[in-house]
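Chemist: I am sharing coords-v8.txt, which consists of compact mmCIF, C-alpha atoms and all ligand atoms:
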# COMPACT_ATOMS: atom_id res chain seq x y z
CA MET A 955 52.53 36.94 70.52
CA ALA A 956 51.24 36.86 66.94
CA PHE A 957 53.03 34.52 64.55
CA ASP A 958 55.40 36.38 62.22
CA PHE A 959 54.46 35.53 58.63
CA ALA A 960 56.61 38.25 57.08
CA PRO A 961 59.79 36.18 56.57
CA LEU A 962 57.74 33.52 54.74
CA VAL A 963 56.28 35.86 52.13
CA PRO A 964 58.05 35.36 48.78
CA ALA A 965 60.04 38.25 47.33
CA GLY A 966 58.09 40.32 44.82
CA SER A 967 54.73 39.82 46.55
CA PRO A 968 52.35 42.79 46.53
CA ALA A 969 52.57 45.16 49.50
CA PRO A 970 50.17 44.13 52.27
CA ALA A 971 46.65 45.51 52.05
CA VAL A 972 45.61 48.25 54.42
CA LYS A 973 42.60 47.64 56.64
CA TRP A 974 39.32 49.13 55.50
CA THR A 975 38.29 51.99 57.74
CA GLY A 976 34.89 52.79 56.25
CA SER A 977 33.66 54.81 53.28
CA PRO A 978 34.43 58.52 52.97
CA LYS A 979 31.48 60.89 53.33
CA PHE A 980 31.81 62.14 49.76
CA ASN A 981 33.03 59.29 47.59
CA PHE A 982 33.97 60.20 44.02
CA THR A 983 36.28 57.19 43.62
CA GLY A 984 36.06 53.74 42.13
CA GLY A 985 33.62 52.37 39.60
CA ASN A 986 30.65 52.20 41.93
CA ASN A 987 27.13 52.59 40.62
CA ASP A 988 24.00 54.44 41.73
CA PRO A 989 22.45 52.56 44.69
CA ASP A 990 18.97 53.78 43.68
CA ALA A 991 19.42 52.30 40.21
CA VAL A 992 20.03 48.69 41.31
CA PRO A 993 16.90 46.89 40.04
CA LEU A 994 16.07 45.26 43.35
CA GLU A 995 12.48 44.21 42.72
CA GLY A 996 13.43 42.56 39.45
CA LEU A 997 16.46 40.79 40.93
CA MET A 998 14.39 39.47 43.85
CA ALA A 999 11.71 38.14 41.51
CA ALA A 1000 14.36 36.59 39.27
CA ALA A 1001 16.07 34.88 42.22
CA GLN A 1002 12.75 33.47 43.38
CA SER A 1003 11.76 32.09 40.00
CA VAL A 1004 15.11 30.69 38.89
CA LEU A 1005 15.77 29.00 42.23
CA ALA A 1006 12.28 27.49 42.35
CA ARG A 1007 12.74 26.14 38.84
CA GLU A 1008 16.30 24.87 38.83
CA GLY A 1009 17.90 25.56 42.20
CA ARG A 1010 18.86 21.91 42.65
CA THR A 1011 21.45 22.23 39.90
CA LEU A 1012 23.51 24.16 42.49
CA SER A 1013 24.48 20.71 43.73
CA HIS A 1014 26.91 20.49 40.81
CA TYR A 1015 29.99 22.54 40.01
CA GLY A 1016 29.15 24.37 36.80
CA LEU A 1017 25.36 23.83 37.11
CA HIS A 1018 25.31 21.28 34.26
CA SER A 1019 26.41 24.10 31.94
CA GLY A 1020 30.09 23.20 31.68
CA PRO A 1021 33.17 25.24 32.54
CA GLN A 1022 32.28 28.33 30.46
CA GLY A 1023 29.43 29.39 32.73
CA TYR A 1024 25.65 29.19 33.08
CA ARG A 1025 24.29 28.48 29.63
CA PRO A 1026 21.18 30.74 29.73
CA LEU A 1027 23.40 33.70 30.67
CA ARG A 1028 25.70 32.99 27.74
CA ASP A 1029 22.65 32.64 25.47
CA PHE A 1030 21.40 36.05 26.65
CA LEU A 1031 24.82 37.58 26.01
CA GLY A 1032 25.02 36.07 22.53
CA LEU A 1033 21.74 37.79 21.58
CA LYS A 1034 22.58 41.06 23.33
CA LEU A 1035 26.04 41.37 21.81
CA LYS A 1036 24.64 40.69 18.35
CA ARG A 1037 21.90 43.29 18.79
CA ASP A 1038 23.97 46.03 20.44
CA ALA A 1039 27.55 45.50 19.29
CA GLY A 1040 27.11 43.65 15.99
CA MET A 1041 29.04 40.66 17.31
CA ALA A 1042 28.39 37.30 15.71
CA CYS A 1043 29.04 35.03 18.67
CA THR A 1044 27.27 32.15 20.34
CA ALA A 1045 27.33 30.72 23.85
CA ASP A 1046 30.35 28.62 22.83
CA ASP A 1047 32.46 31.73 22.24
CA ILE A 1048 31.65 33.18 25.69
CA LEU A 1049 33.30 32.54 29.05
CA ILE A 1050 31.64 33.86 32.20
CA VAL A 1051 34.18 35.19 34.69
CA SER A 1052 34.24 36.76 38.17
CA GLY A 1053 34.12 40.37 37.01
CA SER A 1054 36.14 41.71 34.12
CA LEU A 1055 39.09 41.95 36.51
CA GLN A 1056 39.30 38.17 36.31
CA ALA A 1057 39.09 38.49 32.54
CA LEU A 1058 42.15 40.75 32.63
CA ASP A 1059 43.98 38.19 34.76
CA LEU A 1060 43.12 35.38 32.36
CA VAL A 1061 44.25 37.37 29.30
CA ASN A 1062 47.46 38.32 31.06
CA GLY A 1063 48.01 34.79 32.36
CA ALA A 1064 47.57 33.37 28.88
CA LEU A 1065 49.75 35.86 27.03
CA LEU A 1066 52.20 37.77 29.21
CA ALA A 1067 55.62 37.03 30.65
CA ARG A 1068 57.99 39.35 32.53
CA GLY A 1069 59.75 41.68 30.11
CA ASP A 1070 56.99 41.60 27.48
CA THR A 1071 55.63 44.79 25.96
CA ILE A 1072 52.00 45.83 25.62
CA ILE A 1073 50.37 48.97 24.22
CA CYS A 1074 47.49 50.82 25.86
CA GLU A 1075 45.91 54.26 25.98
CA ARG A 1076 48.12 56.70 27.91
CA ASP A 1077 45.33 57.51 30.35
CA CYS A 1078 44.01 54.13 31.34
CA TYR A 1079 42.15 52.08 33.94
CA GLN A 1080 44.26 51.77 37.08
CA GLY A 1081 43.32 48.11 37.61
CA THR A 1082 44.88 47.30 34.25
CA LEU A 1083 48.02 49.35 34.79
CA THR A 1084 48.79 47.91 38.23
CA ARG A 1085 48.48 44.41 36.79
CA TYR A 1086 51.12 45.14 34.13
CA GLN A 1087 53.35 46.72 36.73
CA ARG A 1088 53.13 43.68 38.97
CA LEU A 1089 53.87 41.36 36.04
CA GLY A 1090 56.96 43.34 35.04
CA VAL A 1091 55.56 44.16 31.62
CA ASN A 1092 56.70 47.22 29.61
CA VAL A 1093 53.78 49.51 28.91
CA VAL A 1094 53.70 51.88 25.94
CA GLY A 1095 51.04 54.55 26.49
CA ILE A 1096 49.45 56.13 23.41
CA PRO A 1097 47.99 59.65 23.79
CA LEU A 1098 44.28 60.24 23.35
CA ASP A 1099 42.36 63.22 22.02
CA GLU A 1100 38.64 64.03 22.14
CA GLY A 1101 38.08 61.13 19.70
CA GLY A 1102 39.90 58.57 21.87
CA LEU A 1103 43.08 56.67 20.99
CA ARG A 1104 45.21 58.66 18.51
CA ILE A 1105 45.75 56.37 15.56
CA ASP A 1106 48.69 58.41 14.20
CA ALA A 1107 50.52 58.00 17.51
CA LEU A 1108 49.69 54.30 17.61
CA GLY A 1109 51.13 53.85 14.11
CA GLU A 1110 54.32 55.63 15.15
CA ALA A 1111 54.67 53.54 18.30
CA LEU A 1112 54.17 50.27 16.42
CA ALA A 1113 56.74 51.30 13.80
CA GLU A 1114 59.22 52.37 16.46
CA LEU A 1115 58.81 49.10 18.37
CA LYS A 1116 59.24 47.13 15.16
CA SER A 1117 62.45 49.00 14.39
CA ARG A 1118 63.74 47.61 17.70
CA ASN A 1119 62.40 44.12 16.93
CA VAL A 1120 59.81 44.39 19.67
CA ARG A 1121 56.48 42.78 18.91
CA PRO A 1122 53.93 43.89 21.51
CA LYS A 1123 51.85 41.07 22.94
CA PHE A 1124 48.65 43.04 22.46
CA ILE A 1125 46.98 46.44 22.28
CA TYR A 1126 44.72 46.91 25.31
CA THR A 1127 42.00 49.48 24.65
CA ILE A 1128 38.77 50.76 26.19
CA PRO A 1129 37.23 52.05 22.96
CA THR A 1130 33.64 52.65 24.06
CA VAL A 1131 33.47 55.26 26.83
CA GLN A 1132 37.11 55.18 27.73
CA ASN A 1133 38.17 55.09 31.37
CA PRO A 1134 39.06 57.76 32.48
CA THR A 1135 38.53 60.14 29.54
CA GLY A 1136 34.96 59.18 28.56
CA THR A 1137 35.74 59.22 24.83
CA ILE A 1138 34.30 56.91 22.18
CA LEU A 1139 36.46 55.67 19.32
CA SER A 1140 34.66 56.33 16.03
CA GLU A 1141 34.01 53.63 13.46
CA GLU A 1142 36.66 55.16 11.17
CA ARG A 1143 39.28 55.01 13.92
CA ARG A 1144 38.23 51.44 14.73
CA ILE A 1145 38.85 50.46 11.12
CA ALA A 1146 42.27 52.13 11.23
CA LEU A 1147 43.14 50.48 14.55
CA LEU A 1148 42.22 47.05 13.23
CA LYS A 1149 44.27 47.67 10.10
CA LEU A 1150 47.35 48.58 12.14
CA ALA A 1151 46.86 45.57 14.42
CA ASP A 1152 46.61 43.33 11.39
CA THR A 1153 49.63 44.87 9.67
CA TYR A 1154 51.84 44.44 12.72
CA GLY A 1155 50.42 41.06 13.76
CA VAL A 1156 49.34 42.31 17.16
CA PRO A 1157 46.04 41.18 18.74
CA ILE A 1158 43.65 43.57 20.48
CA VAL A 1159 42.13 43.29 23.95
CA GLU A 1160 38.88 45.25 23.86
CA ASP A 1161 37.67 46.18 27.36
CA ASP A 1162 34.06 47.20 26.78
CA CYS A 1163 32.52 47.37 30.24
CA TYR A 1164 30.96 50.84 29.76
CA ALA A 1165 29.40 50.10 26.37
CA ASP A 1166 25.84 49.99 27.76
CA LEU A 1167 26.21 53.47 29.21
CA VAL A 1168 26.56 55.57 26.03
CA TRP A 1169 24.22 58.57 26.48
CA SER A 1170 22.90 58.38 22.92
CA GLY A 1171 22.08 54.67 23.39
CA LYS A 1172 23.92 54.00 20.13
CA ARG A 1173 27.38 52.55 20.32
CA PRO A 1174 29.72 51.84 17.39
CA PRO A 1175 30.17 48.16 16.51
CA ALA A 1176 32.65 46.33 18.74
CA LEU A 1177 36.18 45.84 17.45
CA TYR A 1178 35.46 42.12 17.84
CA ALA A 1179 32.58 42.50 15.38
CA MET A 1180 34.61 44.48 12.87
CA SER A 1181 37.73 42.31 12.90
CA THR A 1182 38.20 39.89 10.03
CA ALA A 1183 41.38 38.42 11.49
CA GLU A 1184 39.98 36.75 14.65
CA ASN A 1185 42.53 38.78 16.59
CA VAL A 1186 40.26 40.49 19.14
CA ILE A 1187 39.58 39.37 22.71
CA HIS A 1188 36.42 41.12 23.90
CA ILE A 1189 35.78 41.71 27.61
CA GLY A 1190 32.49 42.82 29.12
CA SER A 1191 30.83 43.09 32.51
CA PHE A 1192 27.53 43.42 34.34
CA SER A 1193 29.23 45.68 36.90
CA LYS A 1194 28.29 48.92 35.22
CA SER A 1195 24.89 47.93 33.82
CA ILE A 1196 23.50 46.05 36.86
CA ALA A 1197 25.81 46.06 39.91
CA PRO A 1198 29.56 45.70 40.52
CA ALA A 1199 29.30 43.66 43.72
CA LEU A 1200 27.75 40.79 41.73
CA ARG A 1201 31.21 40.16 40.22
CA VAL A 1202 30.01 38.85 36.87
CA GLY A 1203 31.88 39.60 33.68
CA PHE A 1204 32.56 37.76 30.44
CA ILE A 1205 35.08 37.16 27.70
CA VAL A 1206 34.30 36.59 24.03
CA ALA A 1207 37.23 35.18 22.12
CA PRO A 1208 38.23 32.74 19.39
CA TRP A 1209 38.72 29.21 20.72
CA ALA A 1210 42.45 29.35 19.93
CA ILE A 1211 42.93 31.78 22.82
CA MET A 1212 39.72 31.03 24.78
CA SER A 1213 41.04 27.50 25.38
CA ARG A 1214 44.22 28.97 26.89
CA MET A 1215 42.30 31.37 29.13
CA LEU A 1216 39.90 28.64 30.21
CA ALA A 1217 42.90 26.56 31.27
CA GLN A 1218 43.93 29.47 33.52
CA LYS A 1219 40.54 29.68 35.21
CA THR A 1220 41.09 27.21 38.03
CA ASP A 1221 38.35 28.31 40.43
CA ALA A 1222 35.78 25.69 39.33
CA GLY A 1223 33.48 28.38 37.95
CA SER A 1224 32.26 31.85 38.92
CA GLY A 1225 29.48 32.37 41.48
CA ALA A 1226 26.47 30.40 40.25
CA LEU A 1227 23.67 32.26 42.02
CA GLU A 1228 24.69 35.56 40.46
CA GLN A 1229 24.79 34.01 37.00
CA MET A 1230 21.38 32.40 37.41
CA VAL A 1231 19.73 35.55 38.76
CA LEU A 1232 21.29 37.72 36.06
CA ALA A 1233 20.20 35.40 33.26
CA GLU A 1234 16.65 35.31 34.59
CA TYR A 1235 16.51 39.08 35.17
CA CYS A 1236 18.26 40.21 32.02
CA ALA A 1237 16.35 38.13 29.49
CA ALA A 1238 13.15 39.98 30.43
CA ASN A 1239 14.37 43.33 31.76
CA PHE A 1240 17.82 44.39 30.55
CA ALA A 1241 16.50 46.33 27.58
CA THR A 1242 14.26 48.52 29.75
CA HIS A 1243 16.53 48.78 32.79
CA VAL A 1244 19.56 50.19 30.98
CA PRO A 1245 17.97 53.29 29.38
CA ALA A 1246 16.53 54.28 32.78
CA LEU A 1247 19.94 53.78 34.40
CA ARG A 1248 21.55 55.94 31.70
CA ARG A 1249 19.06 58.76 32.22
CA GLY A 1250 19.78 58.81 35.95
CA LEU A 1251 23.55 58.82 35.41
CA ARG A 1252 23.31 61.58 32.82
CA LYS A 1253 21.47 63.77 35.36
CA LYS A 1254 24.19 63.17 37.93
CA LEU A 1255 26.84 64.15 35.39
CA ASP A 1256 24.95 67.42 34.83
CA THR A 1257 24.91 68.04 38.59
CA LEU A 1258 28.65 67.37 38.81
CA MET A 1259 29.50 69.65 35.87
CA GLU A 1260 27.31 72.40 37.34
CA ALA A 1261 28.92 72.01 40.77
CA LEU A 1262 32.42 72.18 39.25
CA ASN A 1263 31.51 75.26 37.23
CA GLU A 1264 30.09 76.99 40.28
CA GLN A 1265 32.83 76.03 42.72
CA PHE A 1266 35.93 75.92 40.53
CA GLY A 1267 34.91 78.19 37.63
CA THR A 1268 37.51 78.12 34.87
CA ALA A 1269 39.99 76.35 37.18
CA ALA A 1270 38.32 73.03 36.34
CA GLU A 1271 38.54 72.04 32.67
CA PHE A 1272 36.88 68.98 31.24
CA GLU A 1273 35.42 67.45 28.10
CA GLU A 1274 31.89 66.19 28.55
CA PRO A 1275 32.10 62.37 28.57
CA LYS A 1276 30.02 60.48 25.99
CA GLY A 1277 28.61 58.19 28.66
CA GLY A 1278 29.70 56.18 31.68
CA ILE A 1279 30.25 57.17 35.28
CA PHE A 1280 33.41 59.31 35.29
CA LEU A 1281 34.48 62.87 34.62
CA TRP A 1282 38.18 63.46 33.88
CA VAL A 1283 39.09 66.90 35.15
CA LYS A 1284 42.15 69.12 34.55
CA LEU A 1285 42.98 71.56 37.36
CA PRO A 1286 45.56 74.37 37.07
CA ASP A 1287 49.18 73.23 36.73
CA GLN A 1288 50.13 74.12 40.30
CA VAL A 1289 47.69 71.54 41.68
CA ASP A 1290 49.27 68.22 42.56
CA THR A 1291 46.30 65.86 42.72
CA LEU A 1292 48.22 63.22 44.69
CA LYS A 1293 48.57 65.84 47.43
CA LEU A 1294 45.02 67.09 46.94
CA TYR A 1295 43.83 63.51 47.32
CA GLN A 1296 45.45 63.19 50.78
CA LYS A 1297 44.12 66.51 52.04
CA ALA A 1298 40.65 65.94 50.63
CA LEU A 1299 40.43 62.46 52.08
CA ALA A 1300 41.20 63.83 55.53
CA ALA A 1301 38.15 66.08 55.04
CA GLY A 1302 35.95 63.20 53.91
CA VAL A 1303 36.18 63.73 50.12
CA ALA A 1304 37.67 60.90 48.08
CA ILE A 1305 38.93 61.54 44.54
CA ASN A 1306 41.08 59.51 42.16
CA PRO A 1307 44.36 61.38 41.51
CA GLY A 1308 45.33 61.49 37.82
CA PRO A 1309 48.82 59.92 38.02
CA GLU A 1310 47.26 56.63 39.18
CA TRP A 1311 45.23 56.48 35.97
CA SER A 1312 47.95 57.01 33.42
CA THR A 1313 51.26 55.77 32.07
CA ASP A 1314 52.44 59.41 32.27
CA ALA A 1315 52.54 60.86 35.78
CA VAL A 1316 53.71 64.27 34.58
CA HIS A 1317 50.88 64.80 32.08
CA THR A 1318 48.33 63.78 34.72
CA ARG A 1319 49.85 65.55 37.76
CA SER A 1320 47.02 68.07 37.95
CA ARG A 1321 44.24 65.82 36.68
CA MET A 1322 41.68 63.86 38.69
CA ARG A 1323 38.93 61.39 37.97
CA LEU A 1324 35.56 61.84 39.60
CA CYS A 1325 32.91 59.11 39.71
CA PHE A 1326 29.48 60.72 39.70
CA ALA A 1327 27.38 57.53 39.83
CA SER A 1328 27.39 56.61 43.50
CA PRO A 1329 27.11 59.93 45.39
CA SER A 1330 23.64 61.51 45.57
CA HIS A 1331 22.97 64.86 43.84
CA ALA A 1332 23.25 66.61 47.23
CA GLU A 1333 26.51 64.81 48.03
CA ILE A 1334 27.93 65.79 44.64
CA ARG A 1335 27.18 69.47 45.29
CA GLU A 1336 28.42 69.47 48.87
CA GLY A 1337 31.47 67.30 48.18
CA ILE A 1338 32.64 69.50 45.30
CA ALA A 1339 32.23 72.61 47.47
CA VAL A 1340 34.42 71.02 50.18
CA LEU A 1341 36.96 69.95 47.54
CA ALA A 1342 37.13 73.49 46.13
CA ASP A 1343 37.78 74.89 49.63
CA ILE A 1344 40.59 72.43 50.25
CA CYS A 1345 42.10 73.02 46.83
CA ARG A 1346 42.06 76.78 47.42
CA LYS A 1347 43.72 76.46 50.83
CA GLU A 1348 46.44 74.15 49.52
CA PHE A 1349 47.11 75.51 46.04
CA GLY A 1350 45.49 78.96 45.84
CA VAL A 1351 42.97 77.85 43.21
CA PRO A 1352 40.12 78.30 42.54
CA GLU A 1353 40.68 81.90 43.61
CA ARG A 1354 37.11 82.48 44.60
CA SER A 1355 34.16 80.17 44.78
CA ALA A 1356 30.43 80.69 44.72
CA ASN A 1357 29.11 79.23 47.90
CA ILE A 1358 25.58 79.56 46.62
CA GLN A 1359 25.55 75.90 45.75
CA ARG A 1360 26.35 74.77 49.26
CA GLU A 1361 23.46 76.78 50.69
CA ARG A 1362 21.11 75.03 48.31
CA VAL A 1363 22.00 71.54 49.53
C1 LIG B 1401 37.98 49.59 32.10
C2 LIG B 1401 37.63 48.68 33.22
N1 LIG B 1401 37.88 47.37 33.09
C3 LIG B 1401 37.57 46.51 34.07
C4 LIG B 1401 36.98 46.93 35.25
C5 LIG B 1401 36.68 45.94 36.31
O1 LIG B 1401 35.32 45.73 36.38
P1 LIG B 1401 34.62 44.43 36.97
O2 LIG B 1401 35.69 43.49 37.43
O3 LIG B 1401 33.78 44.92 38.08
O4 LIG B 1401 33.84 43.87 35.84
C6 LIG B 1401 36.69 48.29 35.42
C7 LIG B 1401 36.08 48.77 36.67
O5 LIG B 1401 35.91 49.93 36.95
C8 LIG B 1401 37.03 49.18 34.37
O6 LIG B 1401 36.80 50.49 34.47
Represent the structure contained in this file as structure tokens.
Ligand SMILES: Cc1ncc(COP(=O)(O)O)c(C=O)c1O
Modeler:
Amino acid sequence: MAFDFAPLVPAGSPAPAVKWTGSPKFNFTGGNNDPDAVPLEGLMAAAQSVLAREGRTLSHYGLHSGPQGYRPLRDFLGLKLKRDAGMACTADDILIVSGSLQALDLVNGALLARGDTIICERDCYQGTLTRYQRLGVNVVGIPLDEGGLRIDALGEALAELKSRNVRPKFIYTIPTVQNPTGTILSEERRIALLKLADTYGVPIVEDDCYADLVWSGKRPPALYAMSTAENVIHIGSFSKSIAPALRVGFIVAPWAIMSRMLAQKTDAGSGALEQMVLAEYCAANFATHVPALRRGLRKKLDTLMEALNEQFGTAAEFEEPKGGIFLWVKLPDQVDTLKLYQKALAAGVAINPGPEWSTDAVHTRSRMRLCFASPSHAEIREGIAVLADICRKEFGVPERSANIQRERV
């Protein structure tokens, strides 16, 4: 008989994971990228050359680069962040981590205790929200509009918290291609956000992992770059620009807080091979790879919006995202996307139900997030047609769908 571990698990532990049973046929979930856009040839050549040159440094924890990560990768990031985001930072200000999820854990580990309060966008990345929930942190969600975080609402929330003597530990924001709404916070709003943060003495955690995927190729300066108060922790990732399975992200932060986060990173460094290959590949190729990736993603977004228009008609409402890999869709009020999710999954279509991506389950009851990066164009068309059928059977909407699209696949 199998040993019973259950009585040994401490109270408050996360619920046990469910076993993986394979990928759904039509997968619109998660932050996966386009398999055809992974720059395989370049990564293979980079692996070959970097290993031939300095592979023996793998014999040492930290590759002779110290605890903040492979030095050439941090040098690349210093140049890239200066060029693209206006950030004046050097390798010393950068910590390489195992995906930006580890960055979130290090920020939280350094700053949060049970009962603390943080502020974030009302519709927000699920991986962030579940972390706060697990830590027992109070989350104040600020509504967004088509320009991103609403500064008026943020001001009101900060004032209200202050009136109750609550000083939030930080404002967590995804200002550049917000997840899930796809909005970009303008430079004016960034100035106003920084001013409020300064006035109330609250630092900002800037999660910028989609910043390379702005359709126009031109992003506003990072909050980190615009801050004069050294109160911004900047988080980035190679997951969306190169590949998520590599698990390489980074933090840029003032030493006062970097030193605290570094003390929390007790894994003796993130995967070295990934860092070496990325540094070698990116120095020569990042600037040409990313625009091609963006063009491919933009085409997939067009396919998804077309498919939704054909299959759902006016029953699917959405704002066109400014970049990224997600479309945030509003269905008619009678649709419960948590239920739709279950039914669709049984038919091989995976979607992210809105309530899991928000601090407000009522506002997001009939919303869903669709990732358009990983399914093929044909899968997008077919999957949305299947989803529309299921939605109609369960909720009576869309009333009628054009099956033309399905015949074309
Ligand atoms: C806003 C945001 N932050 C962090 C992550 C985690 O990314 P990774 O750990 O792959 O860098 C994601 C992934 O989708 C995300 O959307």
Chemist: List every residue of chain A that has an atom at most 9 Å from any atom of ligand LIG 1401 (chain B), giving for each one its closest atom pair and the distance in Å to one decimal, counting all atoms listed in the file, sorted by chain and then by ascending residue number, as JSON lines.
Modeler:
{"residue": "A:Gly984", "atom": "CA", "partner": "B:LIG1401", "partner_atom": "O5", "distance": 6.4}
{"residue": "A:Gly985", "atom": "CA", "partner": "B:LIG1401", "partner_atom": "O5", "distance": 4.3}
{"residue": "A:Asn986", "atom": "CA", "partner": "B:LIG1401", "partner_atom": "O5", "distance": 7.6}
{"residue": "A:Val1051", "atom": "CA", "partner": "B:LIG1401", "partner_atom": "O4", "distance": 8.8}
{"residue": "A:Ser1052", "atom": "CA", "partner": "B:LIG1401", "partner_atom": "O2", "distance": 6.9}
{"residue": "A:Gly1053", "atom": "CA", "partner": "B:LIG1401", "partner_atom": "O2", "distance": 3.5}
{"residue": "A:Ser1054", "atom": "CA", "partner": "B:LIG1401", "partner_atom": "O4", "distance": 3.6}
{"residue": "A:Leu1055", "atom": "CA", "partner": "B:LIG1401", "partner_atom": "O2", "distance": 3.8}
{"residue": "A:Gln1056", "atom": "CA", "partner": "B:LIG1401", "partner_atom": "O2", "distance": 6.5}
{"residue": "A:Ala1057", "atom": "CA", "partner": "B:LIG1401", "partner_atom": "O2", "distance": 7.8}
{"residue": "A:Leu1058", "atom": "CA", "partner": "B:LIG1401", "partner_atom": "C3", "distance": 7.5}
{"residue": "A:Cys1078", "atom": "CA", "partner": "B:LIG1401", "partner_atom": "C1", "distance": 7.6}
{"residue": "A:Tyr1079", "atom": "CA", "partner": "B:LIG1401", "partner_atom": "C1", "distance": 5.2}
{"residue": "A:Gln1080", "atom": "CA", "partner": "B:LIG1401", "partner_atom": "O6", "distance": 8.0}
{"residue": "A:Gly1081", "atom": "CA", "partner": "B:LIG1401", "partner_atom": "C4", "distance": 6.9}
{"residue": "A:Thr1082", "atom": "CA", "partner": "B:LIG1401", "partner_atom": "N1", "distance": 7.1}
{"residue": "A:Thr1127", "atom": "CA", "partner": "B:LIG1401", "partner_atom": "C1", "distance": 8.5}
{"residue": "A:Ile1128", "atom": "CA", "partner": "B:LIG1401", "partner_atom": "C1", "distance": 6.1}
{"residue": "A:Val1131", "atom": "CA", "partner": "B:LIG1401", "partner_atom": "C1", "distance": 9.0}
{"residue": "A:Gln1132", "atom": "CA", "partner": "B:LIG1401", "partner_atom": "C1", "distance": 7.1}
{"residue": "A:Asn1133", "atom": "CA", "partner": "B:LIG1401", "partner_atom": "C1", "distance": 5.6}
{"residue": "A:Pro1134", "atom": "CA", "partner": "B:LIG1401", "partner_atom": "O6", "distance": 7.9}
{"residue": "A:Asp1161", "atom": "CA", "partner": "B:LIG1401", "partner_atom": "C1", "distance": 5.8}
{"residue": "A:Asp1162", "atom": "CA", "partner": "B:LIG1401", "partner_atom": "C1", "distance": 7.0}
{"residue": "A:Cys1163", "atom": "CA", "partner": "B:LIG1401", "partner_atom": "C2", "distance": 6.1}
{"residue": "A:Tyr1164", "atom": "CA", "partner": "B:LIG1401", "partner_atom": "C1", "distance": 7.5}
{"residue": "A:Ile1189", "atom": "CA", "partner": "B:LIG1401", "partner_atom": "N1", "distance": 8.2}
{"residue": "A:Gly1190", "atom": "CA", "partner": "B:LIG1401", "partner_atom": "O4", "distance": 6.9}
{"residue": "A:Ser1191", "atom": "CA", "partner": "B:LIG1401", "partner_atom": "O4", "distance": 4.6}
{"residue": "A:Phe1192", "atom": "CA", "partner": "B:LIG1401", "partner_atom": "O4", "distance": 6.5}
{"residue": "A:Ser1193", "atom": "CA", "partner": "B:LIG1401", "partner_atom": "O3", "distance": 4.8}
{"residue": "A:Lys1194", "atom": "CA", "partner": "B:LIG1401", "partner_atom": "O3", "distance": 7.4}
{"residue": "A:Ala1197", "atom": "CA", "partner": "B:LIG1401", "partner_atom": "O3", "distance": 8.3}
{"residue": "A:Pro1198", "atom": "CA", "partner": "B:LIG1401", "partner_atom": "O3", "distance": 4.9}
{"residue": "A:Ala1199", "atom": "CA", "partner": "B:LIG1401", "partner_atom": "O3", "distance": 7.3}
{"residue": "A:Leu1200", "atom": "CA", "partner": "B:LIG1401", "partner_atom": "O3", "distance": 8.2}
{"residue": "A:Arg1201", "atom": "CA", "partner": "B:LIG1401", "partner_atom": "O3", "distance": 5.8}
{"residue": "A:Val1202", "atom": "CA", "partner": "B:LIG1401", "partner_atom": "O4", "distance": 6.4}
{"residue": "A:Gly1203", "atom": "CA", "partner": "B:LIG1401", "partner_atom": "O4", "distance": 5.2}
{"residue": "A:Phe1204", "atom": "CA", "partner": "B:LIG1401", "partner_atom": "O4", "distance": 8.3}
Chemist: Would you mind telling me which residue in A:Ala1327, A:Phe1272, A:Val1206, A:Glu1184 lies nearest to Thr1044 of chain A when using only C-alpha atoms?
Modeler: A:Val1206
Chemist: Taking into account all atoms listed in the file, which residue in the set A:Glu1348, A:Glu1271, A:Asp1077, A:Glu1114 is nearest to Ile1096 of chain A?
Modeler: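 Of A:Glu1348, A:Glu1271, A:Asp1077, A:Glu1114, the one nearest Ile1096 of chain A, counting all atoms listed in the file, is A:Asp1077.
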Chemist: As AutoDock Vina command-line options, please: the centre and edge lengths in Å, to one decimal, of an axis-aligned box enclosing every listed atom of segment 1032-1048 of chain A with 3 Å added on each side.
Modeler:
--center_x 27.1 --center_y 37.3 --center_z 20.7 --size_x 16.7 --size_y 23.4 --size_z 16.0
Chemist: Looking at only C-alpha atoms, which of A:Gly1225, A:Pro1275, A:Pro964, A:Gly1020 is the one that sits closest to Thr1130 of chain A?
Modeler: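 Closest to Thr1130 of chain A of all the choices is A:Pro1275.
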Chemist: Of the candidates A:Ala1226, A:Tyr1295, A:Asp1038, A:Gly1032, which shows the shortest atom-to-atom distance to Glu1008 of chain A, using all atoms listed in the file?
Modeler: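 Among A:Ala1226, A:Tyr1295, A:Asp1038, A:Gly1032, it is A:Ala1226 that comes nearest to Glu1008 of chain A.
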Chemist: Between A:Phe959, A:Phe980, A:Tyr1086, A:Phe1326, which has the minimum distance to Thr1071 of chain A (counting all atoms listed in the file)?
Modeler: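 Comparing A:Phe959, A:Phe980, A:Tyr1086, A:Phe1326 against Thr1071 of chain A, the winner is A:Tyr1086.
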Chemist: Would you list the contacts of Pro1097 of chain A as a list in words, taking every protein, DNA or RNA residue within 8 Å and counting all atoms listed in the file, but skipping same-chain residues closer than 4 positions in sequence?
Modeler: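 My reading of the contact set: Glu1075, Arg1076, Asp1077, Leu1103, Arg1104 and Ala1107 of chain A.
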Chemist: Kindly indicate which residue among A:Arg1037, A:Ala1237, A:Leu1112, A:Tyr1024 lies nearest to Thr1153 of chain A, using all atoms listed in the file for the distances.
Modeler: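 Closest residue, counting all atoms listed in the file: A:Leu1112.
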Chemist: Between atom CA of Met1259 of chain A and atom CA of Pro1309 of chain A, what is the distance in Å, rounded to a tenth?
Modeler: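 Atom-to-atom, atom CA of Met1259 of chain A and atom CA of Pro1309 of chain A are spaced 21.7 Å apart.
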Chemist: Tell me, in Å to one decimal, how far atom CA of Cys1074 of chain A is from atom CA of Pro1122 of chain A.
Modeler: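 Separation of atom CA of Cys1074 of chain A and atom CA of Pro1122 of chain A: 10.4 Å.
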